[in-house]
>>> print(open('entry-v4.csv').read())   # CSV, C-alpha atoms and all ligand atoms
chain,number,residue,atom,x,y,z
A,1,MET,CA,-41.1,-34.9,31.0
A,2,VAL,CA,-38.3,-32.4,31.7
A,3,ARG,CA,-38.9,-29.6,34.1
A,4,VAL,CA,-37.0,-26.4,33.5
A,5,LEU,CA,-36.8,-24.1,36.5
A,6,THR,CA,-35.0,-20.8,36.8
A,7,VAL,CA,-34.0,-19.6,40.2
A,8,ALA,CA,-34.1,-15.8,40.0
A,9,ASN,CA,-34.0,-12.6,42.0
A,10,GLN,CA,-32.2,-9.6,40.8
A,11,LYS,CA,-31.1,-8.8,44.3
A,12,GLY,CA,-27.7,-10.2,45.0
A,13,GLY,CA,-26.8,-12.6,47.8
A,14,VAL,CA,-30.2,-14.0,48.5
A,15,ALA,CA,-29.1,-17.7,48.0
A,16,LYS,CA,-30.0,-18.3,44.3
A,17,THR,CA,-26.8,-20.3,43.7
A,18,THR,CA,-27.1,-22.1,47.0
A,19,THR,CA,-30.7,-23.0,46.2
A,20,VAL,CA,-29.9,-24.3,42.7
A,21,LEU,CA,-27.0,-26.4,44.1
A,22,ASN,CA,-28.9,-27.9,47.0
A,23,VAL,CA,-32.2,-28.5,45.2
A,24,ALA,CA,-30.3,-30.2,42.4
A,25,ALA,CA,-28.4,-32.4,44.9
A,26,ALA,CA,-31.7,-33.3,46.7
A,27,LEU,CA,-33.4,-34.2,43.4
A,28,ALA,CA,-30.4,-36.3,42.4
A,29,GLU,CA,-30.6,-38.0,45.8
A,30,MET,CA,-34.2,-38.9,45.0
A,31,GLY,CA,-33.1,-40.6,41.8
A,32,GLU,CA,-33.8,-37.7,39.3
A,33,ARG,CA,-31.4,-36.8,36.5
A,34,VAL,CA,-30.5,-33.2,36.9
A,35,LEU,CA,-28.6,-30.6,34.9
A,36,MET,CA,-27.6,-27.2,36.4
A,37,VAL,CA,-26.9,-24.2,34.2
A,38,ASP,CA,-24.7,-21.5,35.6
A,39,LEU,CA,-25.9,-18.3,34.0
A,40,ASP,CA,-24.0,-15.9,36.2
A,41,PRO,CA,-20.7,-14.6,34.9
A,42,GLN,CA,-19.4,-14.7,38.6
A,43,GLY,CA,-19.3,-18.4,38.1
A,44,SER,CA,-20.4,-19.0,41.7
A,45,LEU,CA,-22.4,-22.2,40.9
A,46,THR,CA,-19.4,-23.5,38.9
A,47,LEU,CA,-17.1,-22.8,41.9
A,48,ALA,CA,-19.6,-24.1,44.5
A,49,SER,CA,-19.8,-27.3,42.4
A,50,GLY,CA,-16.1,-27.9,42.7
A,51,PHE,CA,-14.8,-26.5,39.5
A,52,ALA,CA,-12.4,-23.5,38.9
A,53,PRO,CA,-14.2,-21.1,36.6
A,54,ASP,CA,-10.9,-19.7,35.3
A,55,ASP,CA,-9.7,-23.1,34.2
A,56,LEU,CA,-12.6,-23.8,31.9
A,57,GLU,CA,-11.7,-24.5,28.3
A,58,ALA,CA,-15.3,-23.8,27.1
A,59,SER,CA,-18.4,-22.6,28.9
A,60,VAL,CA,-22.0,-21.5,28.5
A,61,TYR,CA,-20.6,-18.4,26.7
A,62,ASP,CA,-19.4,-20.7,23.9
A,63,GLY,CA,-22.7,-22.4,23.8
A,64,LEU,CA,-24.7,-19.2,23.6
A,65,MET,CA,-22.5,-17.1,21.4
A,66,LYS,CA,-20.6,-19.6,19.2
A,67,ASP,CA,-23.1,-22.4,19.0
A,68,ALA,CA,-20.7,-24.8,20.6
A,69,ALA,CA,-22.3,-28.1,21.4
A,70,ALA,CA,-23.1,-28.5,25.1
A,71,GLU,CA,-21.0,-31.7,25.2
A,72,ARG,CA,-17.9,-29.6,24.8
A,73,PHE,CA,-18.4,-28.0,28.2
A,74,LEU,CA,-20.8,-30.2,30.1
A,75,LEU,CA,-19.3,-31.3,33.4
A,76,SER,CA,-20.2,-34.1,35.8
A,77,THR,CA,-20.0,-33.1,39.4
A,78,ARG,CA,-19.0,-35.3,42.3
A,79,PHE,CA,-22.5,-35.4,43.6
A,80,GLY,CA,-24.2,-36.9,40.6
A,81,VAL,CA,-25.5,-33.8,38.9
A,82,ASP,CA,-24.4,-32.4,35.5
A,83,LEU,CA,-23.4,-28.8,35.1
A,84,LEU,CA,-23.1,-26.3,32.2
A,85,PRO,CA,-20.4,-24.0,33.8
A,86,SER,CA,-19.7,-20.3,33.4
A,87,ASN,CA,-17.0,-17.8,34.0
A,88,MET,CA,-16.3,-14.1,33.3
A,89,ASP,CA,-16.6,-14.7,29.6
A,90,LEU,CA,-20.3,-14.7,30.0
A,91,SER,CA,-20.3,-11.0,31.0
A,92,LEU,CA,-19.5,-10.3,27.3
A,93,ALA,CA,-22.6,-12.1,26.2
A,94,GLU,CA,-25.0,-9.5,27.6
A,95,MET,CA,-23.7,-6.9,25.2
A,96,GLU,CA,-23.1,-9.3,22.3
A,97,LEU,CA,-26.6,-10.7,22.5
A,98,MET,CA,-28.0,-7.3,21.7
A,99,ASN,CA,-27.1,-7.7,18.0
A,100,MET,CA,-28.2,-11.3,17.6
A,101,VAL,CA,-31.3,-12.6,15.9
A,102,ALA,CA,-33.7,-14.2,18.4
A,103,ARG,CA,-31.5,-12.9,21.2
A,104,GLU,CA,-34.0,-13.9,23.9
A,105,ARG,CA,-34.1,-17.5,22.8
A,106,ARG,CA,-30.4,-18.4,22.8
A,107,ILE,CA,-30.5,-20.4,26.0
A,108,GLY,CA,-33.6,-22.3,24.8
A,109,ALA,CA,-31.6,-23.2,21.7
A,110,MET,CA,-28.6,-24.3,23.7
A,111,LEU,CA,-30.7,-26.5,26.0
A,112,ALA,CA,-32.9,-28.1,23.3
A,113,PRO,CA,-30.6,-31.0,22.4
A,114,LEU,CA,-30.2,-31.8,26.1
A,115,LEU,CA,-33.9,-32.0,27.1
A,116,ASP,CA,-34.4,-35.7,26.6
A,117,ARG,CA,-31.5,-36.5,28.9
A,118,TYR,CA,-32.8,-34.9,32.1
A,119,GLY,CA,-35.8,-34.9,34.4
A,120,TRP,CA,-34.9,-31.4,35.7
A,121,ILE,CA,-32.9,-28.5,34.4
A,122,LEU,CA,-32.2,-25.8,37.1
A,123,ILE,CA,-30.9,-22.4,35.9
A,124,ASP,CA,-29.0,-20.1,38.2
A,125,SER,CA,-29.5,-16.6,37.0
A,126,GLN,CA,-27.3,-13.5,37.7
A,127,PRO,CA,-28.5,-10.7,40.0
A,128,SER,CA,-29.9,-8.5,37.2
A,129,LEU,CA,-32.7,-8.5,34.8
A,130,GLY,CA,-30.6,-8.2,31.7
A,131,LEU,CA,-30.8,-10.3,28.5
A,132,LEU,CA,-29.3,-13.4,30.1
A,133,THR,CA,-32.0,-13.5,32.8
A,134,VAL,CA,-34.7,-12.8,30.2
A,135,ASN,CA,-33.3,-15.7,28.2
A,136,ALA,CA,-33.6,-17.9,31.2
A,137,LEU,CA,-37.2,-16.8,31.8
A,138,ALA,CA,-38.0,-17.4,28.1
A,139,SER,CA,-36.8,-21.0,28.2
A,140,CYS,CA,-38.2,-22.3,31.5
A,141,ASP,CA,-41.6,-23.4,32.8
A,142,GLN,CA,-41.2,-22.2,36.4
A,143,VAL,CA,-39.4,-19.6,38.5
A,144,LEU,CA,-38.4,-20.1,42.1
A,145,ILE,CA,-37.7,-16.8,43.8
A,146,PRO,CA,-35.5,-16.9,46.9
A,147,VAL,CA,-36.1,-14.0,49.2
A,148,ALA,CA,-33.8,-13.3,52.1
A,149,CYS,CA,-35.5,-12.7,55.5
A,150,GLU,CA,-34.0,-9.2,55.7
A,151,PHE,CA,-35.0,-5.6,55.5
A,152,LEU,CA,-35.4,-4.4,51.9
A,153,SER,CA,-35.5,-7.9,50.5
A,154,LEU,CA,-39.1,-7.5,49.3
A,155,ARG,CA,-38.4,-4.6,47.0
A,156,GLY,CA,-36.7,-6.2,44.1
A,157,VAL,CA,-39.3,-9.0,43.8
A,158,GLU,CA,-42.0,-6.8,42.4
A,159,VAL,CA,-39.7,-5.7,39.6
A,160,LEU,CA,-38.9,-9.3,38.8
A,161,ILE,CA,-42.5,-10.3,38.7
A,162,ARG,CA,-43.3,-7.4,36.4
A,163,THR,CA,-40.5,-8.5,34.1
A,164,MET,CA,-41.9,-12.0,34.2
A,165,GLY,CA,-45.3,-10.6,33.2
A,166,LYS,CA,-43.7,-9.1,30.1
A,167,VAL,CA,-41.9,-12.3,29.2
A,168,ARG,CA,-45.1,-14.2,29.6
A,169,VAL,CA,-46.9,-11.9,27.2
A,170,ARG,CA,-44.1,-11.7,24.6
A,171,LEU,CA,-42.0,-14.8,24.8
A,172,ASN,CA,-43.3,-17.6,27.1
A,173,SER,CA,-46.9,-17.9,28.0
A,174,ARG,CA,-46.2,-21.0,30.2
A,175,LEU,CA,-44.0,-19.1,32.6
A,176,ARG,CA,-45.2,-19.0,36.2
A,177,VAL,CA,-43.9,-18.5,39.8
A,178,VAL,CA,-43.7,-21.9,41.4
A,179,GLY,CA,-42.8,-20.4,44.7
A,180,ILE,CA,-41.2,-17.8,46.8
A,181,LEU,CA,-38.6,-19.4,49.1
A,182,PRO,CA,-37.6,-17.5,52.3
A,183,THR,CA,-33.9,-17.9,52.8
A,184,LEU,CA,-31.1,-16.8,55.2
A,185,TYR,CA,-33.5,-17.0,58.2
A,186,ASP,CA,-31.7,-16.3,61.4
A,187,THR,CA,-33.8,-18.1,64.0
A,188,ARG,CA,-32.2,-16.0,66.8
A,189,THR,CA,-33.3,-12.6,65.7
A,190,ARG,CA,-36.6,-10.8,65.9
A,191,HIS,CA,-35.7,-8.9,62.8
A,192,ALA,CA,-35.6,-12.2,60.8
A,193,ARG,CA,-39.0,-13.3,62.2
A,194,GLU,CA,-40.5,-10.0,61.3
A,195,SER,CA,-39.0,-10.1,57.8
A,196,LEU,CA,-40.3,-13.6,57.3
A,197,GLU,CA,-43.8,-12.5,58.4
A,198,ALA,CA,-43.5,-9.6,56.0
A,199,VAL,CA,-42.6,-12.0,53.1
A,200,GLN,CA,-45.6,-14.2,53.9
A,201,GLN,CA,-48.0,-11.3,54.2
A,202,HIS,CA,-46.7,-9.3,51.3
A,203,PHE,CA,-46.7,-12.1,48.7
A,204,GLY,CA,-48.8,-14.8,50.4
A,205,ARG,CA,-52.1,-13.7,48.8
A,206,GLU,CA,-50.9,-13.6,45.2
A,207,TYR,CA,-48.0,-16.0,45.0
A,208,PRO,CA,-47.2,-19.3,46.6
A,209,VAL,CA,-44.8,-18.7,49.5
A,210,LEU,CA,-43.2,-22.2,50.1
A,211,PRO,CA,-43.8,-23.5,53.6
A,212,GLN,CA,-40.1,-24.3,53.9
A,213,VAL,CA,-37.7,-21.6,55.3
A,214,VAL,CA,-34.0,-22.0,54.8
A,215,PRO,CA,-32.1,-21.3,58.0
A,216,ARG,CA,-29.0,-19.2,58.1
A,217,SER,CA,-26.1,-21.5,58.8
A,218,ILE,CA,-22.3,-21.3,58.4
A,219,ARG,CA,-22.4,-24.8,56.9
A,220,PHE,CA,-23.6,-23.3,53.6
A,221,SER,CA,-20.5,-21.2,53.2
A,222,GLU,CA,-18.3,-24.0,54.3
A,223,ALA,CA,-19.9,-26.4,51.8
A,224,ALA,CA,-19.6,-23.9,49.0
A,225,GLN,CA,-15.9,-23.5,49.8
A,226,ALA,CA,-15.5,-27.3,49.6
A,227,GLY,CA,-17.2,-27.3,46.3
A,228,LEU,CA,-20.1,-29.4,47.5
A,229,PRO,CA,-23.8,-29.0,48.3
A,230,ILE,CA,-24.6,-29.0,52.0
A,231,LEU,CA,-26.4,-32.3,51.5
A,232,ALA,CA,-23.1,-34.0,50.8
A,233,PHE,CA,-20.9,-31.8,53.0
A,234,SER,CA,-23.0,-31.8,56.2
A,235,PRO,CA,-25.8,-34.3,55.8
A,236,GLY,CA,-27.1,-33.8,59.4
A,237,SER,CA,-27.4,-30.0,59.4
A,238,PRO,CA,-30.8,-28.4,59.5
A,239,GLY,CA,-30.4,-26.8,56.1
A,240,THR,CA,-30.0,-30.2,54.4
A,241,GLU,CA,-33.4,-31.4,55.4
A,242,VAL,CA,-35.0,-28.1,54.4
A,243,TYR,CA,-33.6,-28.3,50.9
A,244,ARG,CA,-34.8,-31.9,50.6
A,245,GLU,CA,-38.3,-30.7,51.5
A,246,VAL,CA,-38.0,-27.9,49.0
A,247,ALA,CA,-37.1,-30.4,46.3
A,248,LEU,CA,-40.1,-32.5,47.2
A,249,GLU,CA,-42.3,-29.5,47.2
A,250,LEU,CA,-41.1,-28.6,43.7
A,251,LYS,CA,-41.8,-32.1,42.5
A,252,ARG,CA,-45.3,-31.8,43.9
A,253,ARG,CA,-45.8,-28.5,42.2
A,254,ALA,CA,-44.2,-29.4,38.9
A,255,PRO,CA,-46.2,-28.9,35.7
A,256,GLY,CA,-48.1,-32.0,34.8
A,257,THR,CA,-48.5,-33.2,38.4
A,258,PRO,CA,-52.0,-33.7,39.6
A,259,GLU,CA,-51.6,-31.1,42.2
A,260,GLU,CA,-50.7,-28.4,39.8
A,261,GLY,CA,-52.8,-29.4,36.8
A,262,ALA,CA,-51.3,-30.3,33.5
A,263,ALA,CA,-49.5,-27.1,32.7
A,264,PRO,CA,-47.7,-27.4,29.4
A,265,GLY,CA,-43.9,-27.3,29.7
A,266,ALA,CA,-41.6,-24.9,28.0
A,267,LEU,CA,-39.3,-25.8,25.1
A,268,ARG,CA,-40.2,-29.1,23.7
A,269,ARG,CA,-41.3,-32.3,25.4
A,270,LEU,CA,-39.6,-35.5,24.5
A,271,GLY,CA,-41.5,-38.0,26.7
A,272,PRO,CA,-40.3,-39.2,30.0
A,273,ALA,CA,-36.8,-38.0,30.5
A,274,THR,CA,-36.0,-39.7,33.8
A,275,GLY,CA,-35.1,-43.3,33.9
A,276,PRO,CA,-36.8,-45.6,36.4
A,277,PRO,CA,-35.8,-44.5,39.9
A,278,PRO,CA,-33.4,-46.7,41.7
A,279,PRO,CA,-35.2,-49.5,43.7
A,280,GLY,CA,-36.2,-48.9,47.2
A,281,GLY,CA,-37.9,-46.1,49.1
A,282,ARG,CA,-36.8,-42.5,49.6
A,283,GLU,CA,-34.4,-43.4,52.4
A,284,ASP,CA,-32.8,-46.2,50.4
A,285,ARG,CA,-32.3,-43.9,47.5
A,286,ALA,CA,-30.8,-41.2,49.7
A,287,ARG,CA,-28.4,-43.7,51.2
A,288,ALA,CA,-27.4,-45.0,47.8
A,289,TRP,CA,-26.8,-41.5,46.6
A,290,ARG,CA,-24.7,-40.6,49.6
A,291,GLU,CA,-22.6,-43.7,49.3
A,292,ARG,CA,-22.0,-43.0,45.6
A,293,VAL,CA,-20.9,-39.4,46.4
A,294,TRP,CA,-18.8,-40.3,49.4
A,295,GLY,CA,-17.2,-43.2,47.4
A,296,THR,CA,-16.2,-40.7,44.8
A,297,VAL,CA,-14.8,-37.9,46.9
A,298,GLY,CA,-13.6,-39.7,50.0
A,299,PRO,CA,-13.9,-38.2,53.4
A,300,MET,CA,-15.0,-34.7,52.9
A,301,ARG,CA,-13.3,-33.1,55.8
A,302,ASN,CA,-10.1,-33.5,53.8
A,303,LEU,CA,-11.2,-31.8,50.7
A,304,PRO,CA,-9.0,-28.9,49.5
A,305,LEU,CA,-10.5,-25.6,50.1
A,306,ARG,CA,-10.4,-24.5,46.5
A,307,PRO,CA,-10.5,-27.4,44.1
A,308,SER,CA,-8.8,-26.2,41.0
A,309,ARG,CA,-9.4,-29.3,38.8
A,310,ALA,CA,-12.4,-30.9,37.4
A,311,PRO,CA,-13.9,-33.4,39.9
A,312,GLY,CA,-13.5,-36.2,37.4
A,313,SER,CA,-9.8,-35.9,38.1
A,314,SER,CA,-10.2,-35.2,41.7
A,315,THR,CA,-7.8,-36.7,44.2
A,316,ALA,CA,-9.7,-35.1,47.1
A,317,GLY,CA,-10.1,-37.1,50.2
A,318,GLY,CA,-7.6,-39.3,51.9
A,319,GLU,CA,-7.5,-41.6,54.8
A,320,GLY,CA,-9.3,-41.1,58.1
A,321,GLY,CA,-11.3,-37.9,58.4
A,322,GLY,CA,-15.0,-38.7,57.9
A,323,LEU,CA,-17.9,-36.4,57.3
A,324,PRO,CA,-18.2,-33.1,59.1
A,325,GLU,CA,-20.6,-33.3,61.9
A,326,GLY,CA,-24.1,-32.3,61.0
A,327,GLY,CA,-26.5,-30.5,63.2
A,328,SER,CA,-24.1,-28.5,65.3
A,329,GLU,CA,-24.0,-24.9,64.1
A,401,LIG,N1,-28.8,-20.4,54.4
A,401,LIG,C1,-27.6,-19.8,54.4
A,401,LIG,N2,-27.0,-19.5,55.5
A,401,LIG,C2,-25.8,-18.9,55.5
A,401,LIG,N3,-25.1,-18.5,54.4
A,401,LIG,C3,-25.7,-18.7,53.2
A,401,LIG,C4,-27.0,-19.4,53.1
A,401,LIG,N4,-27.3,-19.5,51.8
A,401,LIG,C5,-26.3,-18.9,51.1
A,401,LIG,N5,-25.4,-18.5,52.0
A,401,LIG,C6,-24.1,-17.8,51.6
A,401,LIG,O1,-24.5,-16.5,51.2
A,401,LIG,C7,-23.7,-16.1,50.1
A,401,LIG,C8,-24.5,-15.7,48.9
A,401,LIG,O2,-25.2,-16.9,48.6
A,401,LIG,P1,-25.5,-17.2,47.0
A,401,LIG,O3,-24.2,-17.1,46.2
A,401,LIG,O4,-26.2,-18.5,47.0
A,401,LIG,O5,-26.5,-16.0,46.7
A,401,LIG,P2,-26.9,-15.5,45.2
A,401,LIG,O6,-28.2,-14.9,45.3
A,401,LIG,O7,-26.7,-16.6,44.2
A,401,LIG,O8,-25.8,-14.4,45.0
A,401,LIG,P3,-25.5,-13.5,43.7
A,401,LIG,O9,-26.7,-12.7,43.5
A,401,LIG,O10,-24.3,-12.8,44.0
A,401,LIG,O11,-25.3,-14.5,42.5
A,401,LIG,C9,-22.7,-17.2,49.9
A,401,LIG,O12,-21.5,-17.0,50.6
A,401,LIG,C10,-23.4,-18.4,50.5
A,401,LIG,O13,-22.5,-19.4,50.9
>>> encode(input="entry-v4.csv", output="structure tokens", more="lines below")
Ligand SMILES: Nc1ncnc2c1ncn2[C@@H]1O[C@H](COP(=O)(O)OP(=O)(O)OP(=O)(O)O)[C@@H](O)[C@H]1O
Amino acid sequence: MVRVLTVANQKGGVAKTTTVLNVAAALAEMGERVLMVDLDPQGSLTLASGFAPDDLEASVYDGLMKDAAAERFLLSTRFGVDLLPSNMDLSLAEMELMNMVARERRIGAMLAPLLDRYGWILIDSQPSLGLLTVNALASCDQVLIPVACEFLSLRGVEVLIRTMGKVRVRLNSRLRVVGILPTLYDTRTRHARESLEAVQQHFGREYPVLPQVVPRSIRFSEAAQAGLPILAFSPGSPGTEVYREVALELKRRAPGTPEEGAAPGALRRLGPATGPPPPGGREDRARAWRERVWGTVGPMRNLPLRPSRAPGSSTAGGEGGGLPEGGSE
């Protein structure tokens, strides 16, 4: 059964992209087959996955607006996750979609042929509630809302949840909030602690606030610059383990799991989409995943800062080096 999850918050810079990237990597580490969809014309997810948005020959824009088959622009990342990439072309889509028939269902149509290949599809939305985000909400089962532990961060969420309510009524009755994820938590400041408490109090009664809290850490920016999830870039850092736990939490709360009740999924269901997990327990699978990733990219300290070519053709790496040290912020 494929799970389609949108990471949304119309407030910018709350770690939507970072959350998609790292949850996707954590799920892949657990043996899941994962597709990420970059639905932000800024192309941040594409860039943070190691691809240069400006070099793309085709992108989500072509899939949405020109019915291009996803195979034409589907990319395989170095960390075992597939990606439908985007760039500035997608900014045209918002306007062009206005005149299209079934304009809120274009993403669902683009993803439909891919559903039987993946266990998880994670959509990174742009910081707005325009037609692209509505498309994402219309084609997913669940929404994860990252909320930064900062002043004013609560305000936008109400508007998002109201929009979700309208989408539920008109387009997708299965839509629900799977969780609110506190992000960018600075353990050193009282302000962050108070903001976290505010998030928990404000939303806790009506919506599930996930028990995980993503710490603020420079490793995230460094990893994005290297075109990798933090799980691969800095395996020992605190943020890594938190995103693993978030991924586990999402698996526990996924539609169809006993904990959540058998909520019907969005789009169409094509039977079990994930293959059998690799043998061994969680630790073995995580090790196997890391070895696969490291084997592909080589020592990560030597990665170029701005990879400009598709990872398939990557020559990143080199002799010596080794992984950046985890844990020391
Ligand atoms: N836990 C964290 N600690 C420190 N920096 C972080 C963390 N999470 C994300 N960042 C950094 O914050 C910036 C914004 O993150 P990100 O792009 O994930 O947010 P976003 O919500 O997707 O932004 P936008 O709304 O612009 O698409 C990036 O530079 C990212 O590397």
>>> residues_near_point(input="entry-v4.csv", point="(-29.2, -35.3, 36.6)", cutoff="10 Å", atoms="all atoms listed in the file", output="PyMOL selection string")
chain A and resi 24-25+27-29+31-36+76-77+79-83+117-122+274
>>> residues_near_ligand(input="entry-v4.csv", ligand="ligand LIG 401 (chain A)", cutoff="6 Å", atoms="all atoms listed in the file", output="number ranges by chain")
A: 11-18, 126-127, 183-184, 214-218, 220-221, 224
>>> atom_distance(input="entry-v4.csv", atom1="atom CA of Leu131 of chain A", atom2="atom CA of Leu97 of chain A")
7.3 Å
>>> residues_near_point(input="entry-v4.csv", point="(-13.3, -26.8, 33.1)", cutoff="9 Å", atoms="all atoms listed in the file", output="JSON list (two decimals) with C-alpha atoms, in the frame of the given file")
[["chain", "number", "residue", "atom", "x", "y", "z"],
["A", 51, "PHE", "CA", -14.80, -26.50, 39.50],
["A", 52, "ALA", "CA", -12.40, -23.50, 38.90],
["A", 53, "PRO", "CA", -14.20, -21.10, 36.60],
["A", 54, "ASP", "CA", -10.90, -19.70, 35.30],
["A", 55, "ASP", "CA", -9.70, -23.10, 34.20],
["A", 56, "LEU", "CA", -12.60, -23.80, 31.90],
["A", 57, "GLU", "CA", -11.70, -24.50, 28.30],
["A", 58, "ALA", "CA", -15.30, -23.80, 27.10],
["A", 59, "SER", "CA", -18.40, -22.60, 28.90],
["A", 73, "PHE", "CA", -18.40, -28.00, 28.20],
["A", 74, "LEU", "CA", -20.80, -30.20, 30.10],
["A", 75, "LEU", "CA", -19.30, -31.30, 33.40],
["A", 85, "PRO", "CA", -20.40, -24.00, 33.80],
["A", 309, "ARG", "CA", -9.40, -29.30, 38.80],
["A", 310, "ALA", "CA", -12.40, -30.90, 37.40]]
>>> residues_around(input="entry-v4.csv", residues="segment 158-175 of chain A", least_positions_apart="6", cutoff="6 Å", atoms="only C-alpha atoms", output="PDB file with C-alpha atoms, in the frame of the given file")
ATOM      1  CA  ALA A 138     -38.000 -17.400  28.100  1.00  0.00           C
ATOM      2  CA  ASP A 141     -41.600 -23.400  32.800  1.00  0.00           C
ATOM      3  CA  GLN A 142     -41.200 -22.200  36.400  1.00  0.00           C
TER       4      GLN A 142
END
>>> atom_distance(input="entry-v4.csv", atom1="atom CA of Asn87 of chain A", atom2="atom CA of Val134 of chain A")
18.8 Å
>>> atom_distance(input="entry-v4.csv", atom1="atom CA of Lys66 of chain A", atom2="atom CA of Ser139 of chain A")
18.6 Å
>>> decode(input="entry-v4.csv", residues="segment 45-61 of chain A", atoms="C-alpha atoms", output="compact mmCIF listing (two decimals), in the first residue's frame")
# COMPACT_ATOMS: atom_id res chain seq x y z
CA LEU A 45 14.59 19.72 -2.55
CA THR A 46 16.15 19.10 -5.95
CA LEU A 47 19.26 21.03 -4.93
CA ALA A 48 19.45 19.46 -1.48
CA SER A 49 19.27 16.04 -3.16
CA GLY A 50 22.39 16.81 -5.16
CA PHE A 51 20.96 18.01 -8.48
CA ALA A 52 21.24 21.40 -10.13
CA PRO A 53 17.69 22.63 -10.79
CA ASP A 54 18.85 24.82 -13.68
CA ASP A 55 20.38 21.85 -15.51
CA LEU A 56 17.19 19.78 -15.66
CA GLU A 57 16.02 18.85 -19.13
CA ALA A 58 12.51 18.15 -17.87
CA SER A 59 10.83 18.50 -14.51
CA VAL A 60 7.57 18.30 -12.61
CA TYR A 61 6.42 21.27 -14.69
